[in-house]
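**Student:** Structure incoming, see below.
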Amino acid sequence: MALPNQTQVHEFILAGLTASHAMELALFTFFFIIYALILLGNSLIIFTIACNQRLHVPMYFFLSNLSFIDVCHSSVVMPKMLADFLAKQKAISFGECIAQMFFLHLFACTEIFLLTIMAYDRYAAICHPLHYSTLMSRRVCLQLATAMWLGGLVHSVALTALTLNLPYCGPNAIDNFFCDVPLVIKLACADTYVFEVLIVSNSGLISVVCFVVLVVSYVVILVSLRNHLSVGRHKALSTCAAHLTVVILFLGHCIFIYLRPAKSLAADKVVSIFFTAVTPLLNPIIYTLRNEDMQNALSKLRGWQVNAMDK
């Protein structure tokens, strides 16, 4: 195997979303609005949960973590994408590319673990309500939050180390609007079959295993809900439906991208847009429109703002 210090590529050229300059200007406006809404919507959820004591419970603790991760996740890719819409050459340095991959996988993997933890939280609340305060105590929530961040860090460090262990001597064109491990290792001047298998074993299996765990947990929850009163069942189903929608949107991308060999497909860019822009935008909408507690908290927050302005 060639040594990493044989790498001669100092930057990569991103293909972007389109070659039309007029279309790029339109896309810049469109995605700038989306990015602004992502920052506003997720920040509002974090602020609302922090200000309302009634929301200081495990479910909303993890929801605020989800909003924070969505802000970080979209910020890894979207500012560079917006800048490239206005640039003639969409170049990214080797170091910036590695950093983008590292943080992209850190936040993506952490979010996968977080969605799994949120499913466990709903399982504990619905299937074991009498023991919920013990199963999801403050200490347990902090331990789960620490574990998910450590798991995401280990995953990201492993994939970044695999990528850096390969030599790059050209070509340097990436057929997407951001750096990702499958796209970068495809450009390596070495046999990458073993690395591709490791990526599938790492990212792909994490996504599949978590998805299976989530599906099983929701089957158990739905079976358990048959014994609940209609009012309580409706509220629980609403919360679970919101969470399951987020899971399908997010994990669907991960399974599609990482559970196959490292090669470019025509659908990759569309799927990546959902991964980096659409899902972080939809999360605040899904969790506020279908959540009565969040709607009440937002109404109170607006009431406080009106009173403050009147004074």
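Residue numbering restarts at 1 in every chain; chains get A, B, ... in the order shown in the structure tokens, and ligands count up from 1 in that same order.
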As an MDAnalysis selection string, please: the residues near region 24-38 of chain A (cut-off 10 Å, only C-alpha atoms, same-chain neighbours under 5 positions excluded).
**Tutor:** chainID A and resid 16:19 43:44 67 70:71 74:75 78:79 81:87 273 276:284
**Student:** Store the residues picked out above in a file with N, CA and C atoms, as an mmCIF file, in the first residue's frame.
**Tutor:**
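Output file result.cif is given in full below:
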```
data_model
loop_
_atom_site.group_PDB
_atom_site.id
_atom_site.type_symbol
_atom_site.label_atom_id
_atom_site.label_comp_id
_atom_site.auth_asym_id
_atom_site.auth_seq_id
_atom_site.Cartn_x
_atom_site.Cartn_y
_atom_site.Cartn_z
ATOM 1 N N GLY A 16 -20.503 20.729 -8.153
ATOM 2 C CA GLY A 16 -21.656 21.571 -7.872
ATOM 3 C C GLY A 16 -22.949 20.914 -8.319
ATOM 4 N N LEU A 17 -24.028 21.697 -8.321
ATOM 5 C CA LEU A 17 -25.333 21.172 -8.697
ATOM 6 C C LEU A 17 -25.667 21.393 -10.167
ATOM 7 N N THR A 18 -25.094 22.438 -10.775
ATOM 8 C CA THR A 18 -25.392 22.743 -12.172
ATOM 9 C C THR A 18 -24.237 23.508 -12.786
ATOM 10 N N ALA A 19 -24.151 23.463 -14.107
ATOM 11 C CA ALA A 19 -23.118 24.208 -14.824
ATOM 12 C C ALA A 19 -23.639 25.543 -15.348
ATOM 13 N N SER A 43 -33.055 27.023 15.923
ATOM 14 C CA SER A 43 -32.673 27.879 17.056
ATOM 15 C C SER A 43 -33.896 28.231 17.894
ATOM 16 N N LEU A 44 -35.028 28.433 17.230
ATOM 17 C CA LEU A 44 -36.264 28.738 17.950
ATOM 18 C C LEU A 44 -36.692 27.565 18.826
ATOM 19 N N SER A 67 -32.119 19.521 17.239
ATOM 20 C CA SER A 67 -32.086 20.821 16.573
ATOM 21 C C SER A 67 -30.672 21.378 16.518
ATOM 22 N N ASP A 70 -28.795 19.486 13.851
ATOM 23 C CA ASP A 70 -29.240 19.887 12.513
ATOM 24 C C ASP A 70 -28.608 21.206 12.080
ATOM 25 N N VAL A 71 -28.489 22.149 13.016
ATOM 26 C CA VAL A 71 -27.828 23.423 12.712
ATOM 27 C C VAL A 71 -26.363 23.173 12.343
ATOM 28 N N SER A 74 -26.049 21.070 8.846
ATOM 29 C CA SER A 74 -26.262 21.871 7.639
ATOM 30 C C SER A 74 -25.170 22.918 7.465
ATOM 31 N N SER A 75 -24.598 23.405 8.568
ATOM 32 C CA SER A 75 -23.557 24.430 8.489
ATOM 33 C C SER A 75 -22.224 23.875 7.993
ATOM 34 N N MET A 78 -23.655 23.748 3.780
ATOM 35 C CA MET A 78 -24.386 24.785 3.057
ATOM 36 C C MET A 78 -23.630 26.102 2.854
ATOM 37 N N PRO A 79 -22.872 26.628 3.826
ATOM 38 C CA PRO A 79 -22.122 27.863 3.544
ATOM 39 C C PRO A 79 -21.157 27.719 2.374
ATOM 40 N N MET A 81 -21.479 25.539 -0.090
ATOM 41 C CA MET A 81 -22.301 25.394 -1.276
ATOM 42 C C MET A 81 -22.794 26.752 -1.766
ATOM 43 N N LEU A 82 -23.213 27.611 -0.850
ATOM 44 C CA LEU A 82 -23.677 28.951 -1.223
ATOM 45 C C LEU A 82 -22.547 29.775 -1.834
ATOM 46 N N ALA A 83 -21.363 29.681 -1.245
ATOM 47 C CA ALA A 83 -20.212 30.419 -1.780
ATOM 48 C C ALA A 83 -19.849 29.931 -3.181
ATOM 49 N N ASP A 84 -19.964 28.624 -3.404
ATOM 50 C CA ASP A 84 -19.608 28.061 -4.704
ATOM 51 C C ASP A 84 -20.594 28.463 -5.800
ATOM 52 N N PHE A 85 -21.853 28.745 -5.428
ATOM 53 C CA PHE A 85 -22.809 29.223 -6.426
ATOM 54 C C PHE A 85 -22.344 30.534 -7.060
ATOM 55 N N LEU A 86 -21.546 31.310 -6.313
ATOM 56 C CA LEU A 86 -21.084 32.613 -6.797
ATOM 57 C C LEU A 86 -19.655 32.571 -7.311
ATOM 58 N N ALA A 87 -19.027 31.399 -7.259
ATOM 59 C CA ALA A 87 -17.622 31.274 -7.663
ATOM 60 C C ALA A 87 -17.514 30.644 -9.051
ATOM 61 N N ILE A 273 -29.067 16.554 -1.214
ATOM 62 C CA ILE A 273 -29.768 17.791 -0.885
ATOM 63 C C ILE A 273 -30.776 17.544 0.231
ATOM 64 N N THR A 276 -28.716 17.203 3.550
ATOM 65 C CA THR A 276 -28.044 18.374 4.121
ATOM 66 C C THR A 276 -28.933 19.599 4.274
ATOM 67 N N ALA A 277 -30.028 19.671 3.498
ATOM 68 C CA ALA A 277 -30.842 20.887 3.514
ATOM 69 C C ALA A 277 -32.307 20.631 3.870
ATOM 70 N N VAL A 278 -32.922 19.660 3.220
ATOM 71 C CA VAL A 278 -34.357 19.470 3.393
ATOM 72 C C VAL A 278 -34.702 18.897 4.764
ATOM 73 N N THR A 279 -33.999 17.843 5.185
ATOM 74 C CA THR A 279 -34.289 17.223 6.479
ATOM 75 C C THR A 279 -34.085 18.182 7.653
ATOM 76 N N PRO A 280 -32.963 18.923 7.745
ATOM 77 C CA PRO A 280 -32.834 19.902 8.831
ATOM 78 C C PRO A 280 -33.895 20.988 8.802
ATOM 79 N N LEU A 281 -34.435 21.284 7.613
ATOM 80 C CA LEU A 281 -35.508 22.273 7.509
ATOM 81 C C LEU A 281 -36.843 21.692 7.970
ATOM 82 N N LEU A 282 -37.097 20.435 7.630
ATOM 83 C CA LEU A 282 -38.374 19.814 7.961
ATOM 84 C C LEU A 282 -38.496 19.442 9.432
ATOM 85 N N ASN A 283 -37.375 19.145 10.092
ATOM 86 C CA ASN A 283 -37.436 18.712 11.485
ATOM 87 C C ASN A 283 -38.191 19.692 12.385
ATOM 88 N N PRO A 284 -37.872 21.003 12.354
ATOM 89 C CA PRO A 284 -38.639 21.944 13.197
ATOM 90 C C PRO A 284 -40.122 21.973 12.842
#
```
**Student:** Show me, as an NGL selection string, the residues that have an atom within 12 Å of region 96-98 of chain A when counting only C-alpha atoms, minus same-chain residues fewer than 6 positions from it.
**Tutor:** :A and (9-14 or 76-77 or 80 or 104-105 or 156-157 or 159-165 or 172 or 174 or 177-181 or 183-185)
**Student:** List every residue of region 115-299 of chain A that DSSP, applied to the backbone of this structure, assigns to helix (DSSP H, G or I), and report them as an NGL selection string.
**Tutor:** :A and (115-127 or 129-135 or 138-164 or 181-185 or 193-225 or 230-258 or 268-289 or 292-299)
**Student:** Work out how far apart CA of His73 (chain A) and CA of Leu39 (chain A) are and give it in Å to one decimal.
**Tutor:**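 Distance reported for this atom pair: 10.9 Å.
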**Student:** Here is a test: counting only C-alpha atoms, which residue of A:Ser299, A:Leu249, A:Ala190, A:Gly95 is nearest to Gly170 (chain A)?
**Tutor:**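 Residue with the minimum atom-to-atom distance to Gly170 (chain A): A:Ala190.
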**Student:** May I ask for the distance between CA of Ser207 (chain A) and CA of Phe68 (chain A), given in Å to one decimal place?
**Tutor:**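 Interatomic distance here is 20.5 Å.
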**Student:** Please identify all polymer residues within 8 Å of Phe62 (chain A), counting only C-alpha atoms, omitting same-chain residues fewer than 4 positions from it, and present them as a PyMOL selection string.
**Tutor:** chain A and resi 58+66+114+118
**Student:** Of the residues A:Tyr287, A:Phe107, A:Tyr120, A:Tyr218, which is the one nearest to Val246 (chain A), using only C-alpha atoms?
**Tutor:**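 Checking each candidate against Val246 (chain A), we get A:Tyr287 as the closest.
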**Student:** From a DSSP pass on the backbone, collect the residues of region 12-165 of chain A flagged as strand (DSSP E) and hand them back as a list in words.
**Tutor:** Phe12, Ile13, Leu14, Ala91, Ile92 and Ser93 of chain A
**Student:** Can you tell me which residues surround Cys127 (chain A) at a distance of at most 10 Å, considering only C-alpha atoms, apart from same-chain residues fewer than 5 positions away, and format the answer as an mmCIF file with all heavy atoms, in the first residue's frame?
**Tutor:**
```cif
data_model
loop_
_atom_site.group_PDB
_atom_site.id
_atom_site.type_symbol
_atom_site.label_atom_id
_atom_site.label_comp_id
_atom_site.auth_asym_id
_atom_site.auth_seq_id
_atom_site.Cartn_x
_atom_site.Cartn_y
_atom_site.Cartn_z
ATOM 1 N N ASP A 121 -36.745 6.379 24.155
ATOM 2 C CA ASP A 121 -37.457 7.256 25.089
ATOM 3 C C ASP A 121 -38.965 7.097 24.927
ATOM 4 O O ASP A 121 -39.703 6.998 25.921
ATOM 5 C CB ASP A 121 -37.039 8.707 24.854
ATOM 6 C CG ASP A 121 -37.883 9.677 25.640
ATOM 7 O OD1 ASP A 121 -37.790 9.678 26.881
ATOM 8 O OD2 ASP A 121 -38.654 10.442 25.016
ATOM 9 N N ARG A 122 -39.455 7.070 23.675
ATOM 10 C CA ARG A 122 -40.895 6.895 23.446
ATOM 11 C C ARG A 122 -41.349 5.500 23.867
ATOM 12 O O ARG A 122 -42.448 5.333 24.395
ATOM 13 C CB ARG A 122 -41.223 7.121 21.969
ATOM 14 C CG ARG A 122 -41.075 8.547 21.496
ATOM 15 C CD ARG A 122 -41.980 9.515 22.262
ATOM 16 N NE ARG A 122 -41.368 9.948 23.518
ATOM 17 C CZ ARG A 122 -42.040 10.339 24.576
ATOM 18 N NH1 ARG A 122 -43.353 10.315 24.567
ATOM 19 N NH2 ARG A 122 -41.416 10.743 25.668
ATOM 20 N N TYR A 132 -40.909 5.041 33.983
ATOM 21 C CA TYR A 132 -40.281 5.979 33.043
ATOM 22 C C TYR A 132 -39.302 6.921 33.734
ATOM 23 O O TYR A 132 -38.207 7.189 33.215
ATOM 24 C CB TYR A 132 -41.363 6.792 32.333
ATOM 25 C CG TYR A 132 -40.803 7.801 31.346
ATOM 26 C CD1 TYR A 132 -40.215 7.380 30.159
ATOM 27 C CD2 TYR A 132 -40.854 9.171 31.617
ATOM 28 C CE1 TYR A 132 -39.699 8.289 29.253
ATOM 29 C CE2 TYR A 132 -40.341 10.083 30.719
ATOM 30 C CZ TYR A 132 -39.766 9.645 29.536
ATOM 31 O OH TYR A 132 -39.245 10.552 28.658
ATOM 32 N N VAL A 220 -43.442 -2.445 18.505
ATOM 33 C CA VAL A 220 -43.787 -2.716 19.910
ATOM 34 C C VAL A 220 -44.656 -1.596 20.469
ATOM 35 O O VAL A 220 -45.640 -1.844 21.189
ATOM 36 C CB VAL A 220 -42.500 -2.865 20.749
ATOM 37 C CG1 VAL A 220 -42.847 -3.012 22.240
ATOM 38 C CG2 VAL A 220 -41.686 -4.068 20.282
ATOM 39 N N ILE A 221 -44.319 -0.349 20.130
ATOM 40 C CA ILE A 221 -45.097 0.792 20.621
ATOM 41 C C ILE A 221 -46.527 0.742 20.082
ATOM 42 O O ILE A 221 -47.499 0.951 20.825
ATOM 43 C CB ILE A 221 -44.411 2.116 20.214
ATOM 44 C CG1 ILE A 221 -43.135 2.321 21.038
ATOM 45 C CG2 ILE A 221 -45.353 3.298 20.423
ATOM 46 C CD1 ILE A 221 -42.298 3.498 20.575
ATOM 47 N N LEU A 222 -46.680 0.463 18.788
ATOM 48 C CA LEU A 222 -48.009 0.416 18.186
ATOM 49 C C LEU A 222 -48.859 -0.699 18.795
ATOM 50 O O LEU A 222 -50.064 -0.523 19.020
ATOM 51 C CB LEU A 222 -47.891 0.216 16.670
ATOM 52 C CG LEU A 222 -47.337 1.408 15.878
ATOM 53 C CD1 LEU A 222 -47.116 1.027 14.420
ATOM 54 C CD2 LEU A 222 -48.276 2.604 15.972
ATOM 55 N N VAL A 223 -48.237 -1.845 19.062
ATOM 56 C CA VAL A 223 -48.962 -2.932 19.719
ATOM 57 C C VAL A 223 -49.394 -2.510 21.119
ATOM 58 O O VAL A 223 -50.528 -2.773 21.543
ATOM 59 C CB VAL A 223 -48.087 -4.202 19.784
ATOM 60 C CG1 VAL A 223 -48.764 -5.270 20.649
ATOM 61 C CG2 VAL A 223 -47.828 -4.746 18.382
ATOM 62 N N SER A 224 -48.512 -1.825 21.827
ATOM 63 C CA SER A 224 -48.822 -1.383 23.183
ATOM 64 C C SER A 224 -49.922 -0.326 23.203
ATOM 65 O O SER A 224 -50.725 -0.268 24.138
ATOM 66 C CB SER A 224 -47.555 -0.821 23.848
ATOM 67 O OG SER A 224 -47.838 -0.312 25.132
ATOM 68 N N LEU A 225 -49.983 0.510 22.174
ATOM 69 C CA LEU A 225 -50.970 1.594 22.131
ATOM 70 C C LEU A 225 -52.405 1.094 22.013
ATOM 71 O O LEU A 225 -53.353 1.846 22.261
ATOM 72 C CB LEU A 225 -50.657 2.534 20.970
ATOM 73 C CG LEU A 225 -49.489 3.507 21.177
ATOM 74 C CD1 LEU A 225 -49.213 4.270 19.902
ATOM 75 C CD2 LEU A 225 -49.767 4.462 22.318
#
```
**Student:** Could you check which of A:Asn291, A:Ser217, A:Ser93, A:Thr116 is closest to Met148 (chain A), using only C-alpha atoms?
**Tutor:**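 Of all the options, A:Thr116 lies closest to Met148 (chain A).
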**Student:** My list of candidates is A:Leu115, A:Leu106, A:Leu198, A:Cys240. Which is closest to Leu153 (chain A) when distances are computed with only C-alpha atoms?
**Tutor:**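 For Leu153 (chain A), the nearest of the given residues is A:Leu106.
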**Student:** What is the CA of Ser201 (chain A) to CA of Ser272 (chain A) distance in Å?
**Tutor:**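 So the two atoms, CA of Ser201 (chain A) and CA of Ser272 (chain A), lie 20.4 Å apart.
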**Student:** Do you know which residues are at most 10 Å from Leu298 (chain A) counting only C-alpha atoms, after dropping those on the same chain fewer than 3 positions away, and could you put them as a list of chain:residue names?
**Tutor:**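 These residues fall inside the cut-off: A:Leu44, A:Ile45, A:Phe47, A:Thr48, A:Ile49, A:Asn52, A:Thr288, A:Glu292, A:Asp293, A:Met294, A:Gln295, A:Leu301, A:Arg302, A:Gly303, A:Trp304.
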**Student:** Next, dump the selected residues to file, keeping only N, CA, C and O atoms, as a PDB file, in the first residue's frame.
**Tutor:**
```pdb
ATOM      1  N   LEU A  44     -35.028  28.433  17.230  1.00  0.00           N
ATOM      2  CA  LEU A  44     -36.264  28.738  17.950  1.00  0.00           C
ATOM      3  C   LEU A  44     -36.692  27.565  18.826  1.00  0.00           C
ATOM      4  O   LEU A  44     -37.143  27.762  19.965  1.00  0.00           O
ATOM      5  N   ILE A  45     -36.542  26.342  18.321  1.00  0.00           N
ATOM      6  CA  ILE A  45     -36.878  25.166  19.123  1.00  0.00           C
ATOM      7  C   ILE A  45     -35.978  25.076  20.348  1.00  0.00           C
ATOM      8  O   ILE A  45     -36.445  24.842  21.473  1.00  0.00           O
ATOM      9  N   PHE A  47     -34.345  27.499  21.859  1.00  0.00           N
ATOM     10  CA  PHE A  47     -34.650  28.612  22.759  1.00  0.00           C
ATOM     11  C   PHE A  47     -35.963  28.374  23.505  1.00  0.00           C
ATOM     12  O   PHE A  47     -36.070  28.624  24.706  1.00  0.00           O
ATOM     13  N   THR A  48     -36.978  27.874  22.782  1.00  0.00           N
ATOM     14  CA  THR A  48     -38.283  27.621  23.392  1.00  0.00           C
ATOM     15  C   THR A  48     -38.188  26.566  24.481  1.00  0.00           C
ATOM     16  O   THR A  48     -38.748  26.721  25.575  1.00  0.00           O
ATOM     17  N   ILE A  49     -37.470  25.490  24.200  1.00  0.00           N
ATOM     18  CA  ILE A  49     -37.308  24.420  25.194  1.00  0.00           C
ATOM     19  C   ILE A  49     -36.517  24.915  26.404  1.00  0.00           C
ATOM     20  O   ILE A  49     -36.838  24.595  27.552  1.00  0.00           O
ATOM     21  N   ASN A  52     -38.896  27.209  28.659  1.00  0.00           N
ATOM     22  CA  ASN A  52     -40.128  26.667  29.214  1.00  0.00           C
ATOM     23  C   ASN A  52     -39.811  25.499  30.144  1.00  0.00           C
ATOM     24  O   ASN A  52     -39.361  24.444  29.698  1.00  0.00           O
ATOM     25  N   THR A 288     -43.069  20.761  15.469  1.00  0.00           N
ATOM     26  CA  THR A 288     -43.902  21.830  16.024  1.00  0.00           C
ATOM     27  C   THR A 288     -45.349  21.715  15.558  1.00  0.00           C
ATOM     28  O   THR A 288     -46.276  21.889  16.348  1.00  0.00           O
ATOM     29  N   GLU A 292     -48.468  19.308  20.355  1.00  0.00           N
ATOM     30  CA  GLU A 292     -49.285  20.283  21.081  1.00  0.00           C
ATOM     31  C   GLU A 292     -48.479  21.026  22.138  1.00  0.00           C
ATOM     32  O   GLU A 292     -48.659  22.236  22.337  1.00  0.00           O
ATOM     33  N   ASP A 293     -47.582  20.326  22.829  1.00  0.00           N
ATOM     34  CA  ASP A 293     -46.774  20.965  23.867  1.00  0.00           C
ATOM     35  C   ASP A 293     -45.886  22.059  23.269  1.00  0.00           C
ATOM     36  O   ASP A 293     -45.746  23.146  23.848  1.00  0.00           O
ATOM     37  N   MET A 294     -45.268  21.776  22.122  1.00  0.00           N
ATOM     38  CA  MET A 294     -44.418  22.769  21.482  1.00  0.00           C
ATOM     39  C   MET A 294     -45.243  23.958  21.002  1.00  0.00           C
ATOM     40  O   MET A 294     -44.824  25.116  21.102  1.00  0.00           O
ATOM     41  N   GLN A 295     -46.447  23.705  20.488  1.00  0.00           N
ATOM     42  CA  GLN A 295     -47.307  24.794  20.031  1.00  0.00           C
ATOM     43  C   GLN A 295     -47.695  25.703  21.190  1.00  0.00           C
ATOM     44  O   GLN A 295     -47.683  26.937  21.058  1.00  0.00           O
ATOM     45  N   LEU A 301     -44.348  31.908  24.401  1.00  0.00           N
ATOM     46  CA  LEU A 301     -43.167  32.697  24.061  1.00  0.00           C
ATOM     47  C   LEU A 301     -43.559  33.953  23.288  1.00  0.00           C
ATOM     48  O   LEU A 301     -43.043  35.042  23.553  1.00  0.00           O
ATOM     49  N   ARG A 302     -44.510  33.812  22.360  1.00  0.00           N
ATOM     50  CA  ARG A 302     -44.995  34.989  21.635  1.00  0.00           C
ATOM     51  C   ARG A 302     -45.703  35.954  22.568  1.00  0.00           C
ATOM     52  O   ARG A 302     -45.583  37.176  22.433  1.00  0.00           O
ATOM     53  N   GLY A 303     -46.453  35.392  23.550  1.00  0.00           N
ATOM     54  CA  GLY A 303     -47.132  36.247  24.532  1.00  0.00           C
ATOM     55  C   GLY A 303     -46.146  37.049  25.369  1.00  0.00           C
ATOM     56  O   GLY A 303     -46.346  38.236  25.639  1.00  0.00           O
ATOM     57  N   TRP A 304     -45.035  36.402  25.781  1.00  0.00           N
ATOM     58  CA  TRP A 304     -44.007  37.116  26.540  1.00  0.00           C
ATOM     59  C   TRP A 304     -43.392  38.240  25.717  1.00  0.00           C
ATOM     60  O   TRP A 304     -43.117  39.330  26.206  1.00  0.00           O
TER      61      TRP A 304
END
```
